[in-house]
Amino acid sequence: VNWSVVVKKQGRDYKDIGFEFRKSDVLHGILLFFGIYIIYIIALAISPNFGQTPKNIDFLKTNVSIFYLLFIIINPFFEELIVRAYAITEAKYLLKNEEISVLISTVIQTSYHLYQGLIPALYAGIMFFAFSIYFVKSMRIIPVIIVHLLFDFITMLELSK
């Protein structure tokens, strides 16, 4: 099912799930990026295992091509619009509970990162939890997409040949 069709059939548009660009989104994205980075440093201080290299990511260790770059650019939009903005918005509507909506989004997104190994997926889950909290408090998804894009781009640079 095309989720954008579902949103339209419900009489809503992209603004209803926080997808509307504002100039402040760039600054918020940068601040969120550094906030996540601080969380990463704290997690490493608590447990050095959080720095564990993800497994099963050999498919990302390739030459940078136009298709690879397009994937890196498009992926954050799909993940964040579907698993964060749409899922949280729907869960909040159906369950009338913001906290459970945050947990649902975080668990879904963390679960499909388990192929990287438990510890890397748990670290990603902490990041997804922070993204979800930011989203429910601001109802803005663009800053989250910006941060996700930055992390994916950094990962591409680190892994590419």
# chains A, B, ... in the order shown; residues from 1 in each chain; ligands from 1
>>> select_by_dssp(residues="chain A", states="helix (DSSP H, G or I)", output="ChimeraX atom specification")
/A:3-9,14-17,24-46,48-51,58-60,66-95,98-111,114-116,118-138,142-159
>>> residues_around(residues="Val64 (chain A)", least_positions_apart="2", cutoff="10 Å", atoms="only C-alpha atoms", output="list in words")
Leu60, Lys61, Thr62, Ile66, Phe67, Tyr68, Leu69, Met156, Leu157, Leu159, Ser160 and Lys161 of chain A
>>> write_last_selection(atoms="N, CA, C and O atoms", output="mmCIF file, in the first residue's frame")
data_model
loop_
_atom_site.group_PDB
_atom_site.id
_atom_site.type_symbol
_atom_site.label_atom_id
_atom_site.label_comp_id
_atom_site.auth_asym_id
_atom_site.auth_seq_id
_atom_site.Cartn_x
_atom_site.Cartn_y
_atom_site.Cartn_z
ATOM 1 N N LEU A 60 27.484 -2.273 1.728
ATOM 2 C CA LEU A 60 27.719 -0.829 1.735
ATOM 3 C C LEU A 60 29.182 -0.478 1.450
ATOM 4 O O LEU A 60 29.502 0.681 1.212
ATOM 5 N N LYS A 61 30.053 -1.508 1.487
ATOM 6 C CA LYS A 61 31.480 -1.287 1.242
ATOM 7 C C LYS A 61 31.745 -1.418 -0.252
ATOM 8 O O LYS A 61 32.218 -2.438 -0.732
ATOM 9 N N THR A 62 31.463 -0.373 -0.969
ATOM 10 C CA THR A 62 31.575 -0.390 -2.416
ATOM 11 C C THR A 62 32.016 0.986 -2.905
ATOM 12 O O THR A 62 32.091 1.932 -2.120
ATOM 13 N N ILE A 66 26.522 6.874 -8.629
ATOM 14 C CA ILE A 66 25.328 7.724 -8.615
ATOM 15 C C ILE A 66 24.163 6.997 -7.947
ATOM 16 O O ILE A 66 23.387 7.588 -7.207
ATOM 17 N N PHE A 67 24.074 5.672 -8.148
ATOM 18 C CA PHE A 67 22.985 4.894 -7.549
ATOM 19 C C PHE A 67 23.154 4.778 -6.032
ATOM 20 O O PHE A 67 22.178 4.867 -5.285
ATOM 21 N N TYR A 68 24.399 4.599 -5.603
ATOM 22 C CA TYR A 68 24.701 4.527 -4.170
ATOM 23 C C TYR A 68 24.344 5.872 -3.526
ATOM 24 O O TYR A 68 23.681 5.930 -2.491
ATOM 25 N N LEU A 69 24.768 6.953 -4.140
ATOM 26 C CA LEU A 69 24.483 8.281 -3.623
ATOM 27 C C LEU A 69 22.978 8.550 -3.587
ATOM 28 O O LEU A 69 22.459 9.081 -2.599
ATOM 29 N N MET A 156 28.573 6.229 4.525
ATOM 30 C CA MET A 156 28.974 5.966 3.148
ATOM 31 C C MET A 156 30.436 6.358 2.945
ATOM 32 O O MET A 156 31.217 5.597 2.369
ATOM 33 N N LEU A 157 30.837 7.523 3.442
ATOM 34 C CA LEU A 157 32.216 7.974 3.285
ATOM 35 C C LEU A 157 33.193 7.059 4.015
ATOM 36 O O LEU A 157 34.294 6.792 3.528
ATOM 37 N N LEU A 159 32.753 3.829 4.695
ATOM 38 C CA LEU A 159 32.756 2.461 4.161
ATOM 39 C C LEU A 159 33.131 2.346 2.688
ATOM 40 O O LEU A 159 33.528 1.277 2.253
ATOM 41 N N SER A 160 32.965 3.418 1.945
ATOM 42 C CA SER A 160 33.197 3.315 0.498
ATOM 43 C C SER A 160 34.677 3.131 0.198
ATOM 44 O O SER A 160 35.541 3.553 0.938
ATOM 45 N N LYS A 161 34.898 2.500 -0.932
ATOM 46 C CA LYS A 161 36.279 2.216 -1.366
ATOM 47 C C LYS A 161 36.841 3.387 -2.126
ATOM 48 O O LYS A 161 36.191 4.123 -2.764
#
>>> closest_residue(among="A:Tyr123, A:Ala85, A:His148, A:Gly18", to="Ile41 (chain A)", atoms="only C-alpha atoms")
A:Tyr123
>>> closest_atom_pairs(of="region 97-126 of chain A", to="region 46-56 of chain A", cutoff="12 Å", atoms="only C-alpha atoms", output="JSON lines")
{"residue": "A:His113", "atom": "CA", "partner": "A:Pro54", "partner_atom": "CA", "distance": 9.6}
{"residue": "A:Leu114", "atom": "CA", "partner": "A:Lys55", "partner_atom": "CA", "distance": 9.3}
{"residue": "A:Tyr115", "atom": "CA", "partner": "A:Asn56", "partner_atom": "CA", "distance": 6.4}
{"residue": "A:Gln116", "atom": "CA", "partner": "A:Lys55", "partner_atom": "CA", "distance": 4.4}
{"residue": "A:Gly117", "atom": "CA", "partner": "A:Lys55", "partner_atom": "CA", "distance": 5.8}
{"residue": "A:Leu118", "atom": "CA", "partner": "A:Pro54", "partner_atom": "CA", "distance": 8.9}
{"residue": "A:Ile119", "atom": "CA", "partner": "A:Phe50", "partner_atom": "CA", "distance": 6.1}
{"residue": "A:Pro120", "atom": "CA", "partner": "A:Pro54", "partner_atom": "CA", "distance": 5.5}
{"residue": "A:Ala121", "atom": "CA", "partner": "A:Pro54", "partner_atom": "CA", "distance": 8.1}
{"residue": "A:Leu122", "atom": "CA", "partner": "A:Phe50", "partner_atom": "CA", "distance": 8.2}
{"residue": "A:Tyr123", "atom": "CA", "partner": "A:Phe50", "partner_atom": "CA", "distance": 6.2}
{"residue": "A:Ala124", "atom": "CA", "partner": "A:Phe50", "partner_atom": "CA", "distance": 9.6}
{"residue": "A:Gly125", "atom": "CA", "partner": "A:Phe50", "partner_atom": "CA", "distance": 11.4}
{"residue": "A:Ile126", "atom": "CA", "partner": "A:Phe50", "partner_atom": "CA", "distance": 10.5}
>>> residues_around(residues="Glu98 (chain A)", least_positions_apart="3", cutoff="12 Å", atoms="only C-alpha atoms", output="PyMOL selection string")
chain A and resi 87-95+101-105+132-137+139
>>> atom_distance(atom1="CA of Pro143 (chain A)", atom2="CA of Arg12 (chain A)")
21.0 Å
>>> closest_residue(among="A:Tyr40, A:Ile57, A:Tyr86, A:Phe77", to="Asp13 (chain A)", atoms="only C-alpha atoms")
A:Tyr86
>>> decode(residues="region 132-158 of chain A", atoms="N, CA, C and O atoms", output="compact mmCIF listing (two decimals), in the first residue's frame")
# COMPACT_ATOMS: atom_id res chain seq x y z
N SER A 132 12.45 9.91 17.69
CA SER A 132 11.01 9.83 17.94
C SER A 132 10.55 10.85 18.96
O SER A 132 9.50 11.48 18.80
N ILE A 133 11.34 11.02 20.02
CA ILE A 133 10.99 12.02 21.03
C ILE A 133 11.00 13.42 20.40
O ILE A 133 10.08 14.21 20.62
N TYR A 134 12.04 13.70 19.62
CA TYR A 134 12.09 14.99 18.95
C TYR A 134 10.84 15.19 18.08
O TYR A 134 10.22 16.25 18.11
N PHE A 135 10.50 14.15 17.32
CA PHE A 135 9.36 14.27 16.42
C PHE A 135 8.06 14.53 17.17
O PHE A 135 7.30 15.43 16.81
N VAL A 136 7.77 13.77 18.22
CA VAL A 136 6.49 13.96 18.92
C VAL A 136 6.43 15.32 19.63
O VAL A 136 5.34 15.88 19.77
N LYS A 137 7.57 15.83 20.05
CA LYS A 137 7.57 17.13 20.74
C LYS A 137 7.48 18.29 19.75
O LYS A 137 6.90 19.33 20.08
N SER A 138 8.03 18.12 18.55
CA SER A 138 8.05 19.22 17.58
C SER A 138 7.05 19.05 16.44
O SER A 138 6.68 20.03 15.79
N MET A 139 6.66 17.81 16.17
CA MET A 139 5.85 17.45 14.99
C MET A 139 6.50 17.97 13.71
O MET A 139 5.85 18.39 12.77
N ARG A 140 7.84 17.88 13.67
CA ARG A 140 8.66 18.29 12.52
C ARG A 140 9.52 17.09 12.14
O ARG A 140 10.31 16.62 12.95
N ILE A 141 9.39 16.60 10.91
CA ILE A 141 10.18 15.45 10.48
C ILE A 141 11.40 15.85 9.67
O ILE A 141 12.38 15.10 9.59
N ILE A 142 11.42 17.02 9.07
CA ILE A 142 12.55 17.44 8.23
C ILE A 142 13.88 17.44 9.02
O ILE A 142 14.87 16.92 8.52
N PRO A 143 13.94 17.99 10.25
CA PRO A 143 15.22 17.92 10.97
C PRO A 143 15.69 16.48 11.20
O PRO A 143 16.89 16.20 11.13
N VAL A 144 14.77 15.58 11.45
CA VAL A 144 15.13 14.17 11.64
C VAL A 144 15.67 13.59 10.34
O VAL A 144 16.66 12.85 10.34
N ILE A 145 15.04 13.92 9.23
CA ILE A 145 15.52 13.45 7.92
C ILE A 145 16.92 13.98 7.67
O ILE A 145 17.80 13.25 7.20
N ILE A 146 17.17 15.24 8.01
CA ILE A 146 18.49 15.85 7.82
C ILE A 146 19.55 15.07 8.62
O ILE A 146 20.62 14.74 8.10
N VAL A 147 19.26 14.77 9.88
CA VAL A 147 20.21 14.05 10.73
C VAL A 147 20.44 12.64 10.18
O VAL A 147 21.58 12.18 10.08
N HIS A 148 19.37 11.95 9.81
CA HIS A 148 19.49 10.61 9.25
C HIS A 148 20.35 10.66 7.99
O HIS A 148 21.24 9.82 7.79
N LEU A 149 20.12 11.64 7.16
CA LEU A 149 20.91 11.82 5.93
C LEU A 149 22.38 12.04 6.26
O LEU A 149 23.26 11.44 5.64
N LEU A 150 22.67 12.88 7.26
CA LEU A 150 24.06 13.13 7.65
C LEU A 150 24.74 11.84 8.13
O LEU A 150 25.87 11.55 7.73
N PHE A 151 24.06 11.07 8.98
CA PHE A 151 24.64 9.82 9.47
C PHE A 151 24.86 8.83 8.33
O PHE A 151 25.90 8.17 8.27
N ASP A 152 23.90 8.71 7.42
CA ASP A 152 24.07 7.79 6.29
C ASP A 152 25.20 8.25 5.38
O ASP A 152 25.98 7.43 4.87
N PHE A 153 25.32 9.55 5.17
CA PHE A 153 26.38 10.09 4.31
C PHE A 153 27.75 9.84 4.95
O PHE A 153 28.69 9.42 4.27
N ILE A 154 27.88 10.06 6.25
CA ILE A 154 29.14 9.80 6.96
C ILE A 154 29.49 8.32 6.86
O ILE A 154 30.65 7.95 6.60
N THR A 155 28.50 7.45 7.05
CA THR A 155 28.73 6.02 6.95
C THR A 155 29.19 5.65 5.54
O THR A 155 30.13 4.86 5.38
N MET A 156 28.57 6.23 4.52
CA MET A 156 28.97 5.97 3.15
C MET A 156 30.44 6.36 2.94
O MET A 156 31.22 5.60 2.37
N LEU A 157 30.84 7.52 3.44
CA LEU A 157 32.22 7.97 3.28
C LEU A 157 33.19 7.06 4.02
O LEU A 157 34.29 6.79 3.53
N GLU A 158 32.78 6.58 5.20
CA GLU A 158 33.65 5.68 5.98
C GLU A 158 33.80 4.32 5.33
O GLU A 158 34.87 3.70 5.41
